[in-house]
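> Just so it is clear, I am handing over entry_19.pdb, which has PDB, C-alpha atoms.
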```pdb
MODEL        1
ATOM      1  CA  MET A  96     130.465  57.367  53.297
ATOM      2  CA  ARG A  97     126.835  58.140  52.507
ATOM      3  CA  SER A  98     124.296  58.756  55.246
ATOM      4  CA  ILE A  99     121.471  56.231  55.485
ATOM      5  CA  TRP A 100     119.218  58.201  57.845
ATOM      6  CA  LYS A 101     118.761  61.769  59.018
ATOM      7  CA  GLY A 102     116.975  62.938  62.136
ATOM      8  CA  ALA A 103     117.596  64.337  65.606
ATOM      9  CA  LEU A 104     118.726  63.083  68.993
ATOM     10  CA  THR A 105     116.295  64.284  71.634
ATOM     11  CA  PHE A 106     116.512  64.202  75.429
ATOM     12  CA  GLY A 107     114.464  66.590  77.490
ATOM     13  CA  LEU A 108     114.280  69.830  75.561
ATOM     14  CA  VAL A 109     117.662  69.264  73.907
ATOM     15  CA  ASN A 110     117.569  68.546  70.178
ATOM     16  CA  VAL A 111     120.726  67.413  68.337
ATOM     17  CA  PRO A 112     120.333  67.109  64.518
ATOM     18  CA  VAL A 113     122.405  64.185  63.206
ATOM     19  CA  LYS A 114     123.114  62.093  60.137
ATOM     20  CA  VAL A 115     123.535  58.331  60.516
ATOM     21  CA  TYR A 116     126.207  56.293  58.729
ATOM     22  CA  ALA A 117     126.938  52.563  58.750
ATOM     23  CA  ALA A 118     130.099  52.134  60.841
ATOM     24  CA  THR A 119     131.234  48.777  59.473
ATOM     25  CA  GLU A 120     131.565  47.016  56.129
ATOM     26  CA  ASP A 121     132.213  43.477  54.923
ATOM     27  CA  HIS A 122     135.642  42.960  53.349
ATOM     28  CA  ASP A 123     135.070  39.379  52.157
ATOM     29  CA  VAL A 124     135.634  38.650  48.461
ATOM     30  CA  SER A 125     132.280  37.814  46.885
ATOM     31  CA  LEU A 126     132.379  34.480  45.058
ATOM     32  CA  HIS A 127     129.878  33.002  42.587
ATOM     33  CA  GLN A 128     129.025  29.363  41.975
ATOM     34  CA  VAL A 129     129.959  28.085  38.503
ATOM     35  CA  HIS A 130     129.924  24.791  36.599
ATOM     36  CA  ASN A 131     133.369  23.212  37.034
ATOM     37  CA  ALA A 132     133.335  21.881  33.450
ATOM     38  CA  ASP A 133     132.925  25.150  31.564
ATOM     39  CA  GLY A 134     132.718  28.016  34.065
ATOM     40  CA  GLY A 135     129.042  28.689  33.369
ATOM     41  CA  ARG A 136     127.247  30.657  36.084
ATOM     42  CA  ILE A 137     124.931  28.646  38.325
ATOM     43  CA  ARG A 138     121.681  30.534  38.932
ATOM     44  CA  TYR A 139     118.775  29.588  41.148
ATOM     45  CA  GLN A 140     115.136  29.968  40.227
ATOM     46  CA  ARG A 141     112.253  30.755  42.579
ATOM     47  CA  LYS A 142     109.938  27.801  41.975
ATOM     48  CA  CYS A 143     106.579  27.228  43.610
ATOM     49  CA  GLU A 144     106.487  23.824  45.339
ATOM     50  CA  VAL A 145     102.770  23.455  44.562
ATOM     51  CA  CYS A 146     102.504  24.241  40.837
ATOM     52  CA  GLY A 147     106.177  24.033  39.880
ATOM     53  CA  GLN A 148     106.126  27.398  38.103
ATOM     54  CA  VAL A 149     108.927  29.948  38.288
ATOM     55  CA  VAL A 150     107.565  32.916  40.251
ATOM     56  CA  ALA A 151     108.466  36.580  39.698
ATOM     57  CA  TYR A 152     109.308  38.728  42.721
ATOM     58  CA  ALA A 153     106.155  40.790  42.167
ATOM     59  CA  ASP A 154     104.055  37.652  42.797
ATOM     60  CA  ILE A 155     105.778  36.613  46.018
ATOM     61  CA  ASP A 156     104.185  37.189  49.433
ATOM     62  CA  ARG A 157     105.543  36.343  52.865
ATOM     63  CA  ALA A 158     104.191  33.745  55.244
ATOM     64  CA  TYR A 159     104.463  32.497  58.810
ATOM     65  CA  ASP A 160     104.534  28.752  59.472
ATOM     66  CA  ASP A 161     103.760  27.485  62.974
ATOM     67  CA  GLY A 162     104.521  23.890  62.034
ATOM     68  CA  ASP A 163     100.927  22.912  61.229
ATOM     69  CA  ARG A 164      99.479  25.928  59.455
ATOM     70  CA  THR A 165     100.796  28.679  57.210
ATOM     71  CA  VAL A 166      99.537  32.256  57.401
ATOM     72  CA  VAL A 167     100.132  34.229  54.201
ATOM     73  CA  LEU A 168     100.900  37.930  54.719
ATOM     74  CA  THR A 169     100.348  40.136  51.684
ATOM     75  CA  GLU A 170     102.023  43.470  51.011
ATOM     76  CA  GLU A 171      98.772  45.160  52.056
ATOM     77  CA  ASP A 172      98.794  43.248  55.363
ATOM     78  CA  LEU A 173     102.295  44.434  56.170
ATOM     79  CA  LYS A 174     101.503  48.018  55.192
ATOM     80  CA  SER A 175      98.570  48.005  57.608
ATOM     81  CA  LEU A 176     100.949  47.613  60.570
ATOM     82  CA  PRO A 177     101.693  50.838  62.483
ATOM     83  CA  ALA A 178     105.132  51.442  61.023
ATOM     84  CA  GLU A 179     106.999  54.179  62.841
ATOM     85  CA  ARG A 180     108.229  57.003  60.627
ATOM     86  CA  SER A 181     109.558  59.285  63.346
ATOM     87  CA  ARG A 182     112.790  61.099  62.584
ATOM     88  CA  GLU A 183     113.778  61.286  66.225
ATOM     89  CA  ILE A 184     116.206  59.215  68.277
ATOM     90  CA  ASP A 185     114.617  59.427  71.715
ATOM     91  CA  VAL A 186     116.825  59.004  74.751
ATOM     92  CA  VAL A 187     114.964  56.757  77.214
ATOM     93  CA  GLU A 188     117.519  56.750  80.017
ATOM     94  CA  PHE A 189     121.213  57.078  80.847
ATOM     95  CA  VAL A 190     122.735  53.958  82.411
ATOM     96  CA  PRO A 191     126.189  53.018  83.744
ATOM     97  CA  SER A 192     128.177  51.823  80.717
ATOM     98  CA  GLU A 193     129.208  48.549  82.372
ATOM     99  CA  GLN A 194     125.530  47.538  82.692
ATOM    100  CA  VAL A 195     125.130  47.106  78.920
ATOM    101  CA  ASP A 196     126.061  43.496  78.193
ATOM    102  CA  PRO A 197     128.229  43.271  75.029
ATOM    103  CA  ILE A 198     126.274  40.192  73.902
ATOM    104  CA  THR A 199     123.326  42.475  73.141
ATOM    105  CA  TYR A 200     125.294  44.673  70.705
ATOM    106  CA  ASP A 201     124.188  44.304  67.092
ATOM    107  CA  LYS A 202     125.009  46.791  64.295
ATOM    108  CA  SER A 203     127.041  49.960  64.660
ATOM    109  CA  TYR A 204     126.386  53.431  63.216
ATOM    110  CA  TYR A 205     128.275  56.723  63.332
ATOM    111  CA  LEU A 206     126.430  59.972  64.026
ATOM    112  CA  GLU A 207     127.527  63.191  62.344
ATOM    113  CA  PRO A 208     126.297  66.593  63.557
ATOM    114  CA  ASP A 209     123.832  68.023  61.027
ATOM    115  CA  SER A 210     123.550  71.668  62.007
ATOM    116  CA  ALA A 211     125.403  74.940  61.549
ATOM    117  CA  SER A 212     126.885  74.590  65.023
ATOM    118  CA  PRO A 213     127.977  71.256  66.555
ATOM    119  CA  LYS A 214     127.776  72.674  70.092
ATOM    120  CA  ALA A 215     124.840  70.506  71.262
ATOM    121  CA  TYR A 216     126.535  67.432  69.739
ATOM    122  CA  VAL A 217     129.840  68.138  71.514
ATOM    123  CA  LEU A 218     128.038  68.904  74.766
ATOM    124  CA  LEU A 219     126.269  65.535  74.721
ATOM    125  CA  ARG A 220     129.500  63.733  73.837
ATOM    126  CA  ARG A 221     131.431  65.335  76.680
ATOM    127  CA  THR A 222     128.603  64.690  79.132
ATOM    128  CA  LEU A 223     128.602  60.980  78.302
ATOM    129  CA  GLU A 224     132.396  60.863  78.693
ATOM    130  CA  GLN A 225     132.406  62.709  82.002
ATOM    131  CA  THR A 226     129.613  60.699  83.582
ATOM    132  CA  ASP A 227     130.734  57.339  82.075
ATOM    133  CA  ARG A 228     127.138  56.747  81.038
ATOM    134  CA  THR A 229     125.568  55.158  77.985
ATOM    135  CA  ALA A 230     122.286  56.477  76.634
ATOM    136  CA  ILE A 231     119.603  53.908  75.860
ATOM    137  CA  VAL A 232     117.575  55.190  72.909
ATOM    138  CA  ARG A 233     114.648  54.195  70.722
ATOM    139  CA  PHE A 234     114.359  55.030  67.044
ATOM    140  CA  SER A 235     112.866  53.723  63.824
ATOM    141  CA  LEU A 236     114.998  52.473  60.916
ATOM    142  CA  ARG A 237     113.658  50.747  57.797
ATOM    143  CA  GLN A 238     110.160  50.550  59.318
ATOM    144  CA  LYS A 239     111.339  48.706  62.411
ATOM    145  CA  THR A 240     111.541  49.993  65.948
ATOM    146  CA  ARG A 241     115.084  49.696  67.284
ATOM    147  CA  LEU A 242     116.599  49.805  70.732
ATOM    148  CA  ALA A 243     120.165  51.105  70.778
ATOM    149  CA  ALA A 244     123.039  52.246  72.950
ATOM    150  CA  LEU A 245     124.369  55.737  72.288
ATOM    151  CA  ARG A 246     128.020  55.962  73.289
ATOM    152  CA  VAL A 247     131.258  57.746  72.470
ATOM    153  CA  ARG A 248     134.052  56.476  70.202
ATOM    154  CA  GLY A 249     136.908  58.923  69.955
ATOM    155  CA  ASP A 250     135.361  62.274  69.023
ATOM    156  CA  VAL A 251     132.255  60.718  67.501
ATOM    157  CA  LEU A 252     128.890  59.701  68.911
ATOM    158  CA  MET A 253     127.784  56.292  67.740
ATOM    159  CA  LEU A 254     124.729  54.089  67.933
ATOM    160  CA  GLN A 255     124.919  50.372  68.520
ATOM    161  CA  THR A 256     121.583  48.696  68.013
ATOM    162  CA  LEU A 257     120.739  46.255  70.764
ATOM    163  CA  LEU A 258     119.090  42.873  70.622
ATOM    164  CA  TRP A 259     115.802  42.716  72.489
ATOM    165  CA  SER A 260     116.003  40.772  75.743
ATOM    166  CA  ASP A 261     114.060  37.800  74.367
ATOM    167  CA  GLU A 262     116.564  37.491  71.490
ATOM    168  CA  VAL A 263     119.395  36.503  73.851
ATOM    169  CA  ARG A 264     119.225  32.838  74.709
ATOM    170  CA  GLU A 265     119.340  31.596  78.267
ATOM    171  CA  VAL A 266     122.022  28.994  78.743
ATOM    172  CA  SER A 267     122.594  26.239  81.289
ATOM    173  CA  PHE A 268     125.278  23.585  80.912
ATOM    174  CA  PRO A 269     124.907  20.702  83.416
ATOM    175  CA  SER A 270     128.662  20.058  83.378
ATOM    176  CA  LEU A 271     129.289  23.526  84.853
ATOM    177  CA  GLU A 272     127.060  22.740  87.821
ATOM    178  CA  GLU A 273     129.524  20.127  89.052
ATOM    179  CA  SER A 274     131.943  21.102  91.794
ATOM    180  CA  VAL A 275     135.492  21.549  90.484
ATOM    181  CA  ARG A 276     138.541  21.971  92.718
ATOM    182  CA  ILE A 277     141.203  24.412  91.501
ATOM    183  CA  SER A 278     144.416  24.488  93.540
ATOM    184  CA  ASP A 279     146.287  27.697  94.321
ATOM    185  CA  LYS A 280     149.274  26.421  92.354
ATOM    186  CA  GLU A 281     147.180  25.743  89.240
ATOM    187  CA  LEU A 282     145.657  29.194  89.430
ATOM    188  CA  GLU A 283     149.106  30.748  89.902
ATOM    189  CA  LEU A 284     150.534  28.944  86.874
ATOM    190  CA  SER A 285     147.505  29.823  84.762
ATOM    191  CA  SER A 286     147.824  33.484  85.742
ATOM    192  CA  SER A 287     151.529  33.427  84.849
ATOM    193  CA  LEU A 288     150.670  32.054  81.432
ATOM    194  CA  VAL A 289     148.138  34.835  80.897
ATOM    195  CA  GLU A 290     150.715  37.394  81.983
ATOM    196  CA  SER A 291     153.238  36.056  79.455
ATOM    197  CA  PHE A 292     150.737  36.745  76.657
ATOM    198  CA  SER A 293     149.585  40.096  78.028
ATOM    199  CA  SER A 294     149.698  43.143  75.762
ATOM    200  CA  ASP A 295     147.707  46.219  74.741
ATOM    201  CA  PHE A 296     145.163  45.377  72.058
ATOM    202  CA  ASP A 297     145.866  46.927  68.646
ATOM    203  CA  PRO A 298     143.317  45.764  66.058
ATOM    204  CA  ASP A 299     145.544  46.990  63.194
ATOM    205  CA  GLU A 300     148.007  44.208  64.015
ATOM    206  CA  TYR A 301     145.489  41.605  62.894
ATOM    207  CA  VAL A 302     144.529  40.897  59.299
ATOM    208  CA  ASP A 303     142.182  38.406  57.673
ATOM    209  CA  GLU A 304     144.825  36.006  56.322
ATOM    210  CA  TYR A 305     142.286  33.936  54.391
ATOM    211  CA  GLN A 306     140.907  36.902  52.439
ATOM    212  CA  LYS A 307     144.445  38.226  51.855
ATOM    213  CA  GLU A 308     145.599  34.903  50.383
ATOM    214  CA  LEU A 309     142.375  34.566  48.377
ATOM    215  CA  ARG A 310     142.960  37.946  46.712
ATOM    216  CA  THR A 311     146.583  36.980  45.998
ATOM    217  CA  LEU A 312     145.421  33.723  44.404
ATOM    218  CA  ILE A 313     142.853  35.530  42.243
ATOM    219  CA  GLN A 314     145.394  38.132  41.103
ATOM    220  CA  ALA A 315     147.945  35.420  40.254
ATOM    221  CA  LYS A 316     145.399  33.595  38.099
ATOM    222  CA  LEU A 317     144.442  36.827  36.318
ATOM    223  CA  GLU A 318     148.094  37.682  35.595
ATOM    224  CA  LYS A 319     148.700  34.157  34.275
ATOM    225  CA  GLY A 320     145.695  34.455  31.958
ATOM    226  CA  ASP A 321     143.903  31.669  33.756
ATOM    227  CA  ALA A 322     140.482  33.298  33.373
ATOM    228  CA  ILE A 323     137.476  33.018  31.081
ATOM    229  CA  ASP A 324     135.349  35.657  29.388
ATOM    230  CA  THR A 325     132.653  36.883  31.767
ATOM    231  CA  ASP A 326     130.015  37.829  29.180
ATOM    232  CA  ALA A 327     130.190  34.453  27.495
ATOM    233  CA  THR A 328     130.021  32.354  30.657
ATOM    234  CA  PHE A 329     127.878  34.390  33.058
ATOM    235  CA  GLY A 330     125.672  36.091  30.490
ATOM    236  CA  GLU A 331     122.539  37.965  31.462
ATOM    237  CA  ALA A 332     119.900  36.742  33.888
ATOM    238  CA  GLU A 333     117.201  35.276  31.660
ATOM    239  CA  GLU A 334     113.567  36.315  31.880
ATOM    240  CA  GLU A 335     111.386  34.188  34.123
ATOM    241  CA  GLY A 336     109.926  31.332  32.118
ATOM    242  CA  GLY A 337     111.773  32.415  28.949
ATOM    243  CA  GLU A 338     113.697  30.077  26.677
ATOM    244  CA  VAL A 339     117.348  29.470  27.419
ATOM    245  CA  ILE A 340     119.550  30.974  24.697
ATOM    246  CA  ASP A 341     121.996  28.432  23.248
ATOM    247  CA  LEU A 342     124.900  29.218  25.547
ATOM    248  CA  MET A 343     126.955  26.120  24.849
ATOM    249  CA  GLU A 344     128.543  27.477  21.669
ATOM    250  CA  ALA A 345     129.507  30.679  23.453
ATOM    251  CA  LEU A 346     130.945  28.639  26.308
ATOM    252  CA  ARG A 347     132.973  26.437  23.987
ATOM    253  CA  ALA A 348     134.273  29.451  22.062
ATOM    254  CA  SER A 349     135.168  31.220  25.300
ATOM    255  CA  VAL A 350     137.057  28.236  26.671
ATOM    256  CA  GLU A 351     138.948  27.826  23.376
ATOM    257  CA  ARG A 352     139.910  31.521  23.338
ATOM    258  CA  SER A 353     141.099  31.262  26.926
ATOM    259  CA  ARG A 354     143.237  28.243  26.110
ATOM    260  CA  ALA A 355     144.656  29.909  22.993
ATOM    261  CA  SER A 356     145.559  33.038  24.974
ATOM    262  CA  ARG A 357     147.726  30.866  27.209
ATOM    263  CA  GLY A 358     149.917  29.871  24.279
ATOM    264  CA  GLY A 359     148.092  26.824  22.989
ATOM    265  CA  LYS A 360     148.385  24.926  26.237
ATOM    266  CA  GLY A 361     144.723  24.019  26.222
ATOM    267  CA  ASP A 362     145.310  20.313  25.623
ATOM    268  CA  GLU A 363     147.727  20.100  28.510
ATOM    269  CA  LYS A 364     145.336  21.808  30.888
ATOM    270  CA  LYS A 365     142.192  20.052  29.735
ATOM    271  CA  PRO A 366     142.000  17.746  32.784
ATOM    272  CA  ALA A 367     142.205  20.844  35.022
ATOM    273  CA  ALA A 368     138.996  22.394  33.700
ATOM    274  CA  LYS A 369     138.026  23.037  37.283
ATOM    275  CA  ASP A 370     140.771  25.656  37.537
ATOM    276  CA  GLU A 371     139.320  27.551  34.569
ATOM    277  CA  ALA A 372     135.973  27.630  36.277
ATOM    278  CA  ASP A 373     137.384  28.951  39.517
ATOM    279  CA  GLU A 374     136.353  32.241  40.993
ATOM    280  CA  PRO A 375     139.024  34.656  39.609
ATOM    281  CA  ALA A 376     136.535  36.264  37.258
ATOM    282  CA  GLU A 377     134.956  37.956  40.284
ATOM    283  CA  GLU A 378     136.476  41.434  39.856
ATOM    284  CA  LYS A 379     135.657  41.626  36.152
ATOM    285  CA  PRO A 380     131.945  40.721  36.264
ATOM    286  CA  LYS A 381     131.334  43.357  38.882
ATOM    287  CA  ARG A 382     132.556  46.139  36.603
ATOM    288  CA  LYS A 383     130.657  44.919  33.557
ATOM    289  CA  ARG A 384     127.365  44.489  35.357
ATOM    290  CA  ALA A 385     127.671  47.910  36.941
ATOM    291  CA  LYS A 386     128.202  49.447  33.487
ATOM    292  CA  LYS A 387     125.081  47.829  32.080
ATOM    293  CA  ALA A 388     122.933  48.993  34.985
ATOM    294  CA  SER A 389     123.882  52.668  34.555
TER     295      SER A 389
ENDMDL
END
```
Represent the structure from my file as structure tokens, please.

Amino acid sequence: MRSIWKGALTFGLVNVPVKVYAATEDHDVSLHQVHNADGGRIRYQRKCEVCGQVVAYADIDRAYDDGDRTVVLTEEDLKSLPAERSREIDVVEFVPSEQVDPITYDKSYYLEPDSASPKAYVLLRRTLEQTDRTAIVRFSLRQKTRLAALRVRGDVLMLQTLLWSDEVREVSFPSLEESVRISDKELELSSSLVESFSSDFDPDEYVDEYQKELRTLIQAKLEKGDAIDTDATFGEAEEEGGEVIDLMEALRASVERSRASRGGKGDEKKPAAKDEADEPAEEKPKRKRAKKAS
């Protein structure tokens, strides 16, 4: 893991130097959109709805729309805001852990001690464990002020950013306001059913079956040779407003080579062109693009 932020936890006169790491990652297979006839990459252009021109990122500003009017915010406007650049995670208060509603939890980060001695870090961790308290902290990350819960996970301190109170929706369902009669027998049977399913939670017992099967499908297609050449079909992102290079010949040649590599079965599989354009080329384009960027 690579740290994304470095600073210090502060409460009172205690200062605990730490490094911050993202605690979670996305395991989903990244899929592209392609033309089902030839496997060509589908790319989207940033077009202005007023003049119809393709706009480069450097010429794009942000805007707020209230429904009737649009306020354009330039890069200079945003830079004029008082962005916080403090390298401190300030403890605001220590609260009973059960008072932090899980619905407010957002992103999770691990904290690593960043000093010659981890004594202050360990002291804070043990104090939180002993008192069963969660520290509510404020800090700045990527030019935004964050509210977070500082708690213990195993031997590690971690931050969980919190949603602001006005970001949690109030809810009221009229159907739940109606009086409902639950008999003792119904409650007893329901409790028995819960008991029959009761167990200790072990997250390692659960896997993402969809992603597992998707990877198996991709690997099977690669081993069967049911893939097309990435360079010929995806190509390079063209310059904004530039002419489109004649890609059709490269596409045709690529499809023919792919069919030939499967033992001349191209004519038999011609109606299934959609399979050739499927996503299995995902692993390969990643490696090639990374090589070009280095």
> Go ahead and find all residues with at least one atom no further than 9 Å from (115.7, 56.6, 78.6) in the file's coordinates, using only C-alpha atoms; report them as a PyMOL selection string.
chain A and resi 106+185-190+230-233
> Check which residues satisfy the PyMOL selection byres ((chain A and resi 197-208) around 6) in the file shown, then give them as a PDB file with C-alpha atoms, in the frame of the given file.

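Output saved as expr09.pdb:
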```pdb
ATOM      1  CA  VAL A 113     122.405  64.185  63.206  1.00  0.00           C
ATOM      2  CA  LYS A 114     123.114  62.093  60.137  1.00  0.00           C
ATOM      3  CA  VAL A 115     123.535  58.331  60.516  1.00  0.00           C
ATOM      4  CA  TYR A 116     126.207  56.293  58.729  1.00  0.00           C
ATOM      5  CA  ALA A 117     126.938  52.563  58.750  1.00  0.00           C
ATOM      6  CA  ALA A 118     130.099  52.134  60.841  1.00  0.00           C
ATOM      7  CA  ASP A 196     126.061  43.496  78.193  1.00  0.00           C
ATOM      8  CA  ASP A 209     123.832  68.023  61.027  1.00  0.00           C
ATOM      9  CA  SER A 210     123.550  71.668  62.007  1.00  0.00           C
ATOM     10  CA  PRO A 213     127.977  71.256  66.555  1.00  0.00           C
ATOM     11  CA  LEU A 252     128.890  59.701  68.911  1.00  0.00           C
ATOM     12  CA  MET A 253     127.784  56.292  67.740  1.00  0.00           C
ATOM     13  CA  LEU A 254     124.729  54.089  67.933  1.00  0.00           C
ATOM     14  CA  GLN A 255     124.919  50.372  68.520  1.00  0.00           C
ATOM     15  CA  THR A 256     121.583  48.696  68.013  1.00  0.00           C
ATOM     16  CA  LEU A 257     120.739  46.255  70.764  1.00  0.00           C
ATOM     17  CA  LEU A 258     119.090  42.873  70.622  1.00  0.00           C
TER      18      LEU A 258
END
```
> Rounded to one decimal place, report the atom CA of Glu183 of chain A-atom CA of Gly102 of chain A distance in Å.
5.4 Å
> So what do you get for atom CA of Lys214 of chain A versus atom CA of Val111 of chain A, distance-wise?
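Interatomic distance here is 9.0 Å.
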> Can you tell me how far atom CA of Arg157 of chain A sits from atom CA of Glu170 of chain A, in Å to one decimal?
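Going from atom CA of Arg157 of chain A over to atom CA of Glu170 of chain A covers 8.2 Å.
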> Nearest to Ser181 of chain A among A:Leu271, A:Leu104, A:Leu309, A:Ala315, with distances taken over all atoms listed in the file: which residue is it?
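Closest candidate: A:Leu104.
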